[in-house]
Every structure is written in C-alpha cells, then in structure tokens.
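Engineer: Sharing my_file05.txt, compact mmCIF, C-alpha atoms:
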```txt
# COMPACT_ATOMS: atom_id res chain seq x y z
CA MET B 1 81.52 69.60 100.20
CA GLY B 2 84.21 68.81 102.78
CA GLU B 3 86.48 71.23 104.55
CA TYR B 4 89.90 72.15 103.19
CA VAL B 5 92.94 72.15 105.42
CA THR B 6 95.90 74.45 104.74
CA PHE B 7 98.71 75.32 107.11
CA GLY B 8 96.83 73.64 109.93
CA ALA B 9 93.80 75.92 109.64
CA ARG B 10 90.56 74.59 108.19
CA ILE B 11 88.96 76.62 105.42
CA ASP B 12 85.20 76.27 105.17
CA PRO B 13 84.10 77.35 101.67
CA GLU B 14 80.68 78.47 102.92
CA ALA B 15 81.97 80.48 105.88
CA ASN B 16 84.75 82.18 103.91
CA ALA B 17 83.02 83.57 100.87
CA ASP B 18 85.53 86.38 100.45
CA ILE B 19 88.72 84.35 100.94
CA THR B 20 89.58 84.37 97.23
CA ALA B 21 89.48 88.16 97.11
CA GLN B 22 91.75 88.30 100.14
CA THR B 23 94.46 85.93 98.97
CA GLN B 24 94.21 85.23 95.26
CA TRP B 25 97.28 85.99 93.17
CA PRO B 26 96.02 87.94 90.13
CA GLU B 27 95.91 85.70 87.09
CA PRO B 28 96.15 87.32 83.64
CA SER B 29 92.82 87.83 81.91
CA ASP B 30 94.45 89.12 78.74
CA GLU B 31 94.20 86.25 76.27
CA SER B 32 96.67 88.04 74.00
CA ARG B 33 99.32 86.46 76.25
CA TYR B 34 98.40 83.10 74.73
CA LYS B 35 98.36 81.74 71.23
CA PRO B 36 94.92 80.16 70.59
CA LEU B 37 96.08 76.53 70.57
CA THR B 38 98.31 77.10 73.59
CA SER B 39 95.45 78.75 75.48
CA ALA B 40 93.10 75.86 74.77
CA SER B 41 95.67 73.25 75.78
CA LEU B 42 96.64 75.02 79.01
CA SER B 43 92.98 75.59 79.94
CA GLU B 44 92.15 71.93 79.36
CA THR B 45 95.09 70.88 81.52
CA ARG B 46 94.08 73.28 84.28
CA GLU B 47 90.51 71.97 84.36
CA ASP B 48 91.79 68.42 84.73
CA VAL B 49 94.28 69.35 87.45
CA LEU B 50 91.69 71.43 89.33
CA ALA B 51 89.37 68.43 89.52
CA ARG B 52 92.17 66.18 90.74
CA CYS B 53 93.28 68.74 93.33
CA LEU B 54 89.75 69.17 94.64
CA ALA B 55 89.38 65.41 95.01
CA ALA B 56 92.74 65.13 96.78
CA ASN B 57 91.64 67.52 99.56
CA SER B 58 95.27 68.20 100.50
CA ARG B 59 96.32 69.81 103.77
CA ALA B 60 99.28 71.42 102.02
CA PRO B 61 99.33 73.83 99.06
CA PHE B 62 99.84 72.33 95.64
CA SER B 63 103.27 73.11 94.25
CA HIS B 64 105.90 72.43 91.58
CA ILE B 65 104.44 71.44 88.21
CA THR B 66 100.93 71.16 89.68
CA ALA B 67 100.93 74.83 90.73
CA LEU B 68 102.22 75.92 87.33
CA GLN B 69 99.49 73.95 85.56
CA LEU B 70 96.87 75.55 87.80
CA GLN B 71 98.13 78.96 86.68
CA ARG B 72 98.19 78.11 82.95
CA ILE B 73 101.96 78.43 82.69
CA GLU B 74 103.68 76.33 80.04
CA VAL B 75 106.03 73.78 81.55
CA PRO B 76 108.97 72.38 79.55
CA ALA B 77 108.58 68.68 78.81
CA GLN B 78 112.05 67.75 80.04
CA HIS B 79 111.87 67.31 83.81
CA THR B 80 112.00 64.41 86.26
CA LEU B 81 108.70 64.90 88.09
CA ASP B 82 105.85 62.42 87.75
CA THR B 83 103.10 64.28 85.88
CA ASP B 84 100.49 61.69 86.88
CA THR B 85 101.04 62.66 90.52
CA LEU B 86 99.91 65.83 92.27
CA HIS B 87 102.68 67.69 94.07
CA VAL B 88 102.25 69.47 97.40
CA THR B 89 104.66 71.24 99.74
CA PHE B 90 104.78 71.32 103.54
CA SER B 91 106.71 73.86 105.58
CA SER B 92 108.36 71.18 107.73
CA ILE B 93 108.84 67.43 107.72
CA GLY B 94 106.77 67.11 110.88
CA LYS B 95 103.68 68.37 109.07
CA ARG B 96 104.06 66.05 106.10
CA LYS B 97 101.24 63.60 105.42
CA LEU B 98 101.56 60.72 102.96
CA ARG B 99 98.66 60.35 100.52
CA LYS B 100 98.00 58.16 97.52
CA ASN B 101 98.82 59.83 94.17
CA VAL B 102 100.19 62.89 95.98
CA GLN B 103 103.94 63.56 96.20
CA SER B 104 104.95 65.53 99.29
CA HIS B 105 107.85 67.99 99.32
CA ILE B 106 109.37 70.15 102.06
CA ARG B 107 110.23 73.86 101.82
CA GLN B 108 111.49 75.38 105.04
CA GLY B 109 109.87 78.70 105.77
CA LEU B 110 106.93 78.31 103.39
CA CYS B 111 104.17 80.58 104.66
CA GLU B 112 100.61 81.46 103.78
CA SER B 113 101.63 84.61 101.88
CA ASP B 114 103.53 82.37 99.44
CA THR B 115 100.25 80.84 98.31
CA VAL B 116 97.07 81.52 96.36
CA VAL B 117 93.53 80.37 97.17
CA VAL B 118 91.01 79.93 94.36
CA ARG B 119 87.36 78.97 94.51
CA TRP B 120 86.39 76.28 92.02
CA ASN B 121 83.33 74.08 91.68
CA GLY B 122 82.17 74.80 95.22
CA GLY B 123 85.53 74.19 96.85
CA LEU B 124 88.75 76.01 97.64
CA ILE B 125 92.18 75.07 96.32
CA ARG B 126 95.47 76.49 97.55
CA TYR B 127 98.69 76.50 95.55
CA VAL B 128 102.05 78.26 95.65
CA LYS B 129 102.72 81.42 93.66
CA PRO B 130 104.66 81.27 90.38
CA LEU B 131 108.08 82.23 91.73
CA ILE B 132 107.92 79.58 94.46
CA ALA B 133 107.02 76.92 91.89
CA TRP B 134 109.77 78.25 89.59
CA SER B 135 112.47 77.81 92.21
CA GLN B 136 111.12 74.39 93.14
CA MET B 137 111.39 73.20 89.54
CA ALA B 138 115.12 74.03 89.51
CA GLY B 139 115.70 70.76 91.32
CA PHE B 140 113.97 68.74 88.64
CA MET B 141 115.02 70.13 85.25
CA PRO B 142 118.22 71.18 83.43
CA ILE B 143 119.20 74.85 83.25
CA GLU B 144 118.15 75.11 79.61
CA GLN B 145 114.60 74.11 80.54
CA MET B 146 114.71 76.49 83.50
CA VAL B 147 115.39 79.32 81.04
CA GLU B 148 112.39 78.14 79.05
CA LEU B 149 110.24 78.10 82.19
CA THR B 150 111.45 81.57 83.20
CA GLU B 151 110.42 83.00 79.84
CA SER B 152 107.10 81.18 80.10
CA ILE B 153 106.41 82.90 83.43
CA PHE B 154 107.36 86.26 81.89
CA ARG B 155 104.95 85.51 79.06
CA HIS B 156 101.94 84.36 81.07
CA THR B 157 102.09 86.55 84.20
CA ASP B 158 102.71 90.17 85.11
CA LEU B 159 105.99 89.31 86.84
CA THR B 160 109.06 91.26 85.72
CA ARG B 161 112.79 90.68 86.00
CA PRO B 162 113.06 92.75 89.21
CA ASP B 163 110.40 90.51 90.78
CA PHE B 164 112.60 87.47 90.11
CA GLU B 165 115.73 89.28 91.30
CA ASN B 166 114.08 90.39 94.54
CA ALA B 167 112.77 86.90 95.21
CA LEU B 168 116.25 85.41 94.81
CA LYS B 169 117.51 87.65 97.62
CA GLU B 170 115.13 86.00 100.08
CA PRO B 171 116.48 83.23 102.36
CA ALA B 172 113.78 80.81 101.19
CA PHE B 173 115.33 80.82 97.69
CA ALA B 174 118.85 80.02 98.86
CA HIS B 175 118.69 76.29 98.14
CA ARG B 176 118.25 76.68 94.35
CA ARG B 177 119.61 80.21 94.01
CA LYS B 178 122.54 79.38 91.71
CA ALA B 179 120.49 77.47 89.15
CA CYS B 180 117.71 80.07 89.25
CA SER B 181 120.19 82.94 88.86
CA ILE B 182 121.78 81.33 85.81
CA ALA B 183 118.37 80.73 84.24
CA LEU B 184 117.25 84.30 84.92
CA SER B 185 120.45 85.78 83.46
CA LEU B 186 119.82 83.94 80.19
CA ALA B 187 116.06 84.46 79.99
CA GLN B 188 114.59 87.14 77.75
CA GLU B 189 111.31 88.91 78.29
CA HIS B 190 108.74 89.14 75.48
CA THR B 191 109.34 85.80 73.74
CA ASP B 192 106.18 84.36 72.18
CA SER B 193 106.87 80.65 72.49
CA PRO B 194 109.22 78.00 73.90
CA LYS B 195 110.66 77.56 70.40
CA GLU B 196 111.90 81.14 70.43
CA THR B 197 113.65 80.41 73.73
CA GLN B 198 115.26 77.30 72.27
CA SER B 199 116.29 79.27 69.17
CA HIS B 200 118.13 82.08 70.93
CA LEU B 201 119.85 79.63 73.29
CA ALA B 202 120.93 77.38 70.42
CA LEU B 203 122.58 80.29 68.60
CA THR B 204 124.22 82.07 71.52
CA ARG B 205 125.74 78.81 72.75
CA TYR B 206 127.82 78.82 69.55
CA GLY B 207 128.98 82.41 69.86
CA ALA B 208 126.21 84.43 68.24
CA PRO B 209 125.59 87.83 69.84
CA PHE B 210 122.55 87.99 72.10
CA PRO B 211 119.53 88.99 69.98
CA ILE B 212 116.56 91.22 70.66
CA VAL B 213 113.39 89.13 70.73
CA ASN B 214 110.14 90.12 69.02
CA TYR B 215 111.74 93.17 67.47
CA GLN B 216 109.47 95.69 65.76
CA VAL B 217 111.28 96.54 62.52
CA PRO B 218 111.22 100.33 62.01
CA GLY B 219 109.41 101.40 58.85
CA ALA B 220 108.47 97.84 57.83
CA HIS B 221 104.77 97.10 57.37
CA TYR B 222 102.53 94.58 55.67
CA ASP B 223 100.18 95.82 52.94
CA ASN B 224 97.43 96.27 55.54
CA GLY B 225 99.61 98.63 57.57
CA VAL B 226 100.40 96.22 60.40
CA GLY B 227 104.00 96.51 61.56
CA ILE B 228 106.45 93.67 60.97
CA THR B 229 108.22 92.00 63.88
CA ALA B 230 111.08 89.49 63.87
CA ASP B 231 111.33 86.72 66.46
CA LEU B 232 115.09 87.26 66.81
CA ALA B 233 116.90 90.35 65.52
CA TRP B 234 120.27 92.06 65.53
CA PRO B 235 119.15 95.53 64.39
CA GLN B 236 122.60 97.10 64.08
CA LEU B 237 123.45 94.58 61.36
CA ARG B 238 119.95 94.15 59.93
CA VAL B 239 119.92 90.41 60.56
CA ALA B 240 116.65 88.73 61.56
CA LEU B 241 115.22 85.25 62.06
CA ASP B 242 111.76 83.79 62.60
CA TYR B 243 110.85 80.42 64.03
CA GLN B 244 108.30 78.74 61.78
CA GLY B 245 106.29 75.73 62.90
CA ASP B 246 104.40 73.35 60.63
CA HIS B 247 101.37 75.64 60.31
CA HIS B 248 103.54 78.15 58.45
CA ARG B 249 103.69 75.63 55.60
CA THR B 250 100.15 74.22 55.80
CA ASP B 251 98.16 77.43 56.29
CA LYS B 252 97.90 79.28 52.95
CA GLU B 253 97.28 82.68 54.51
CA GLN B 254 100.23 82.27 56.85
CA TRP B 255 102.42 81.11 53.98
CA ARG B 256 101.52 84.22 51.93
CA ARG B 257 102.14 86.44 54.95
CA ASP B 258 105.55 84.85 55.52
CA ASN B 259 106.53 85.36 51.88
CA SER B 260 105.45 88.99 52.04
CA LYS B 261 107.44 89.54 55.23
CA SER B 262 110.57 87.98 53.76
CA GLY B 263 110.34 90.13 50.64
CA ILE B 264 109.74 93.36 52.54
CA LEU B 265 112.66 92.81 54.92
CA ARG B 266 115.10 91.80 52.19
CA GLN B 267 114.10 94.77 50.07
CA ALA B 268 114.86 96.97 53.08
CA GLY B 269 118.38 95.55 53.27
CA TRP B 270 117.87 92.89 55.94
CA GLU B 271 119.35 89.41 55.93
CA PHE B 272 116.34 87.28 56.86
CA ASP B 273 115.85 83.53 57.25
CA VAL B 274 113.76 81.02 59.19
CA ILE B 275 114.37 78.42 61.89
CA THR B 276 112.45 75.15 61.94
CA GLN B 277 112.12 72.32 64.42
CA LEU B 278 114.74 70.35 62.48
CA ASP B 279 117.28 73.13 63.11
CA LEU B 280 116.80 72.64 66.86
CA ALA B 281 116.54 68.84 66.84
CA ASP B 282 120.05 68.07 68.12
CA SER B 283 123.52 69.56 68.54
CA TRP B 284 124.52 68.68 64.96
CA HIS B 285 121.61 70.61 63.46
CA GLN B 286 122.12 73.47 65.91
CA THR B 287 125.75 73.72 64.81
CA ALA B 288 124.63 73.90 61.18
CA LEU B 289 122.13 76.62 62.12
CA ALA B 290 124.87 78.64 63.84
CA VAL B 291 127.09 78.34 60.75
CA LYS B 292 124.23 79.59 58.56
CA VAL B 293 123.58 82.57 60.83
CA ALA B 294 127.31 83.38 60.98
CA GLY B 295 127.18 83.55 57.19
CA MET B 296 124.28 86.02 57.40
CA PHE B 297 126.35 88.21 59.72
CA ALA B 298 129.31 88.01 57.33
CA LYS B 299 127.14 89.24 54.45
CA GLN B 300 126.29 92.28 56.56
CA GLY B 301 129.98 92.97 57.19
CA LYS B 302 130.43 91.75 60.76
CA PRO B 303 130.92 87.99 61.15
CA PHE B 304 131.04 86.49 64.62
CA VAL B 305 133.51 83.82 65.72
CA LEU B 306 131.91 80.41 66.10
CA THR B 307 132.79 78.70 69.38
CA HIS B 308 132.48 75.23 70.78
CA ARG B 309 129.04 74.55 72.23
CA LEU B 310 129.10 76.52 75.47
CA SER B 311 127.72 75.05 78.66
CA MET B 312 124.89 76.98 80.26
CA ASN B 313 127.30 78.20 82.95
CA GLU B 314 129.73 79.46 80.29
CA LEU B 315 126.88 81.13 78.42
CA ALA B 316 125.67 82.83 81.61
CA ASP B 317 129.21 84.15 82.24
CA ARG B 318 129.27 85.52 78.70
CA ARG B 319 125.88 87.14 79.22
CA ARG B 320 126.97 88.84 82.43
CA LYS B 321 130.15 90.08 80.73
CA ALA B 322 128.06 91.55 77.90
CA TRP B 323 125.91 93.41 80.44
CA ARG B 324 129.00 94.78 82.21
CA ASN B 325 130.50 95.96 78.92
CA ARG B 326 127.23 97.62 77.96
CA GLY B 327 127.16 99.40 81.32
CA ASN B 328 130.77 100.56 80.93
CA ASP B 329 130.06 101.84 77.41
CA ALA B 330 127.08 103.82 78.72
CA GLN B 331 129.28 105.53 81.31
CA ARG B 332 131.93 106.65 78.81
```
Before anything else, please render the file you have as structure tokens.
Structural biologist:
Amino acid sequence: MGEYVTFGARIDPEANADITAQTQWPEPSDESRYKPLTSASLSETREDVLARCLAANSRAPFSHITALQLQRIEVPAQHTLDTDTLHVTFSSIGKRKLRKNVQSHIRQGLCESDTVVVRWNGGLIRYVKPLIAWSQMAGFMPIEQMVELTESIFRHTDLTRPDFENALKEPAFAHRRKACSIALSLAQEHTDSPKETQSHLALTRYGAPFPIVNYQVPGAHYDNGVGITADLAWPQLRVALDYQGDHHRTDKEQWRRDNSKSGILRQAGWEFDVITQLDLADSWHQTALAVKVAGMFAKQGKPFVLTHRLSMNELADRRRKAWRNRGNDAQR
C-alpha cells in the first residue's frame, strides 16, 4: 500500500495506527436515521466512492459531493457537479495538482481540523467535514436543493442548527454565506426524507403557514398502541398531511396502516390528506396542492391567503418575519 499525502504531510497507514481515533469525525451508528432502502443505497455508493478515492491517492482531502457520499449523506440530484469525477479541495492555488478524473477546487484557509481521516481496506482517506462540504455545494445547486441538503445533514448527522449558525460566522464561510443562510433559515430539523422537504417548501411558497414536521399527534394511536405522527402538521387547526410514495399503494400492510391512520385522525377532528410525487412534479401541480390545502384550512375555520409562487429569497424573508413575530409574542 502506498503512502497518502494530505496537507503536505505524508501519512503512512502502518506507522499511524491510531490516526483515525485522533481525527475521525464521528459518523452516526444509529441506523434508525436511515430508511432501509436509503441506507442500502447510501452504503453502496459509499463503498464505490471509497474504492475510487483510495485508488486516486489524492494529496488533498476529498470534498463537495464526494465528501458527502463518503459520509452517507443524501445529496439532491439537481446540481452542476460531475458525479463521475472525484472532487478534492486545496487550501491555495499553489498547492493544486491536476489529476485525471479528479476535479480540484480551492478553499482559502482550509486546515487539517476541517477534515476527517478514515481507515479503509488498508489505506487512509481524508475528506472534509459535513459543514465544509455543505457550504461548498452552495456554489453548485439552487437554494431549494440547498434546503434539501441542509435537512439531509440534520437527518444523518448529530449536527444541530447552532452548529450551522456558528460555522457561518467563521471567515472561511464568507464566500457562500448568503446562500447558506437562506437555506438554513428555511430548513427544518427532523424531516424523514427529501420528499418531506419538497412538500413543505412547495406549500409555504404559496402562502401556507410553516408546518411542524413529523408531529406526534397527542392521544392518537394505532391499534397496537404505537403513536401516530404526521409528516406535516398545523396542530392549532388540526390539519395534517403525509407524503406517500409508491410503496404506500403496493404494500398491503402499509396500505392498511395508512387507512387506519386516516380514519383515526379524521375521527379525532383532523383534516388529513396525502401528498404524492405528482403533487410535487411541477409548479402547476404544486399550485393545485396549495389550493387543496387552503381548502383544508378553510374547513377548520382559518383559511390562509394564497400568494404568487414566492422566490426562495422572499420565502426566507417571510420565515424570518414569522420568527420575529413569534419572539415578540413570547415577550408580551
């Protein structure tokens, strides 16, 4: 096995048996963070990327989408990076080395503490930590996908909102701070899937109030005693929505469970409905979804005013205003 070069210092896997313990960013071992199919897909991708990274023997840490894949973090499909290429980042242009099938990037001030070292298959691989990769991706994907990525990092790591906020105060994050700040302001913790992210963004862009995600409905239980949760909920009005993928229609047990859930919530006075992929397919279908949900609010006595489709900047302004109003109400 050859030597590995990072930040100008060679790492010998045999001579540095404890290097992983010294520098490795803790990766979640709790598989409950992942749905089974998602876990299998992300693990398969990571194994492939690990092998490619080991073969590349890069002097610089792997970064951007490559680093996210190495950490089993779901990456939105809509971005402009070449997924067939490995991505690495140097701290200065003078240190950059051109390599086949490796795209080099520059991040001023990148230091060793921004990276993780893992031992794999007899070798060592270094990559940037999640928040570095997150800010790097802001240059290669729209804000909506950055929100999706932010929620994915919440979902698959132990990082919290204050961790993101503190990182954005650092000089190294200045270049993409605006885009990252907008994405963070719109991101919700505790979503279970990218489709839930897309669902709450689709609705709030048309004027719907900001929902609570994965809401545990008080007093609502399945026959086996397990509590009922709603993907998106507005508890004050008893309005709730679930995103349902294809397996909700093809899996008999899931179908029965969904029917039971719907009946229990409606009997308890909730307006409940489902969102499907078709509802999110384009702006026309998203408008129709918003109209349907506005009707659900109206049935509960408090309709919301439908708006034009807000830009992500406009939506972020609305979100910040809602937080300010909530803070003012708490002080009264």
Engineer: So, with all atoms listed in the file as the atoms that count, which of B:Ile125, B:Ala202, B:Ile228, B:Val116 lies closest to Leu315 of chain B?
Structural biologist: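 The closest residue to Leu315 of chain B is B:Ala202.
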Engineer: Tell me which of B:Arg309, B:His87, B:Arg205, B:Lys169 sits closest to Leu186 of chain B, counting only C-alpha atoms.
Structural biologist: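 For Leu186 of chain B, the nearest of the candidates is B:Arg205.
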Engineer: What is the atom CA of Thr157 of chain B-atom CA of Gln145 of chain B distance in Å, reported with one decimal?
Structural biologist: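 Atom-to-atom, atom CA of Thr157 of chain B and atom CA of Gln145 of chain B are spaced 18.0 Å apart.
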Engineer: Taking into account only C-alpha atoms, which residue in the set B:Val291, B:Cys53, B:Ala40, B:Leu70 is nearest to Ala133 of chain B?
Structural biologist: B:Leu70
Engineer: Any idea what the distance is between atom CA of Glu144 of chain B and atom CA of Val88 of chain B?
Structural biologist: 24.5 Å
Engineer: Using only C-alpha atoms, find the one residue out of B:Val213, B:Ala179, B:Met141, B:Val49 that sits nearest to Gln71 of chain B.
Structural biologist: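 Result for the nearest residue to Gln71 of chain B: B:Val49.
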Engineer: If I put a ball of radius 10 Å at (107.9, 86.9, 83.4) in the file's coordinates, which residues poke into it when counting all atoms listed in the file, written as a compact mmCIF listing (two decimals) with C-alpha atoms, in the frame of the given file?
Structural biologist:
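Contents of result-v7.txt, freshly written:
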```txt
# COMPACT_ATOMS: atom_id res chain seq x y z
CA PRO B 130 104.66 81.27 90.38
CA LEU B 131 108.08 82.23 91.73
CA LEU B 149 110.24 78.10 82.19
CA THR B 150 111.45 81.57 83.20
CA GLU B 151 110.42 83.00 79.84
CA SER B 152 107.10 81.18 80.10
CA ILE B 153 106.41 82.90 83.43
CA PHE B 154 107.36 86.26 81.89
CA ARG B 155 104.95 85.51 79.06
CA HIS B 156 101.94 84.36 81.07
CA THR B 157 102.09 86.55 84.20
CA ASP B 158 102.71 90.17 85.11
CA LEU B 159 105.99 89.31 86.84
CA THR B 160 109.06 91.26 85.72
CA ARG B 161 112.79 90.68 86.00
CA PRO B 162 113.06 92.75 89.21
CA ASP B 163 110.40 90.51 90.78
CA PHE B 164 112.60 87.47 90.11
CA LEU B 184 117.25 84.30 84.92
CA ALA B 187 116.06 84.46 79.99
CA GLN B 188 114.59 87.14 77.75
CA GLU B 189 111.31 88.91 78.29
CA HIS B 190 108.74 89.14 75.48
CA THR B 191 109.34 85.80 73.74
```
Engineer: Counting only C-alpha atoms, which residue out of B:Ile65, B:Ala138, B:Arg257, B:Asp282 sits closest to Val226 of chain B?
Structural biologist: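 Using only C-alpha atoms, Val226 of chain B sits closest to B:Arg257.
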Engineer: Between B:Val217, B:Asn259, B:Leu203, B:Leu232, which is the closest to His285 of chain B once you count all atoms listed in the file?
Structural biologist: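 Closest to His285 of chain B of all the choices is B:Leu203.
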Engineer: Edge lengths and centre in Å to one decimal, as JSON, is what I'm after for the box along x, y and z that holds all listed atoms of segment 171-174 of chain B once 6 Å is added on each side.
Structural biologist:
```
{"center_x": 116.3, "center_y": 81.6, "center_z": 100.0, "size_x": 17.1, "size_y": 15.2, "size_z": 16.7}
```
Engineer: Tell me, in Å to one decimal, how far atom CA of Ala220 of chain B is from atom CA of Gln277 of chain B.
Structural biologist: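 Rounded to one decimal, the two atoms are 26.6 Å apart.
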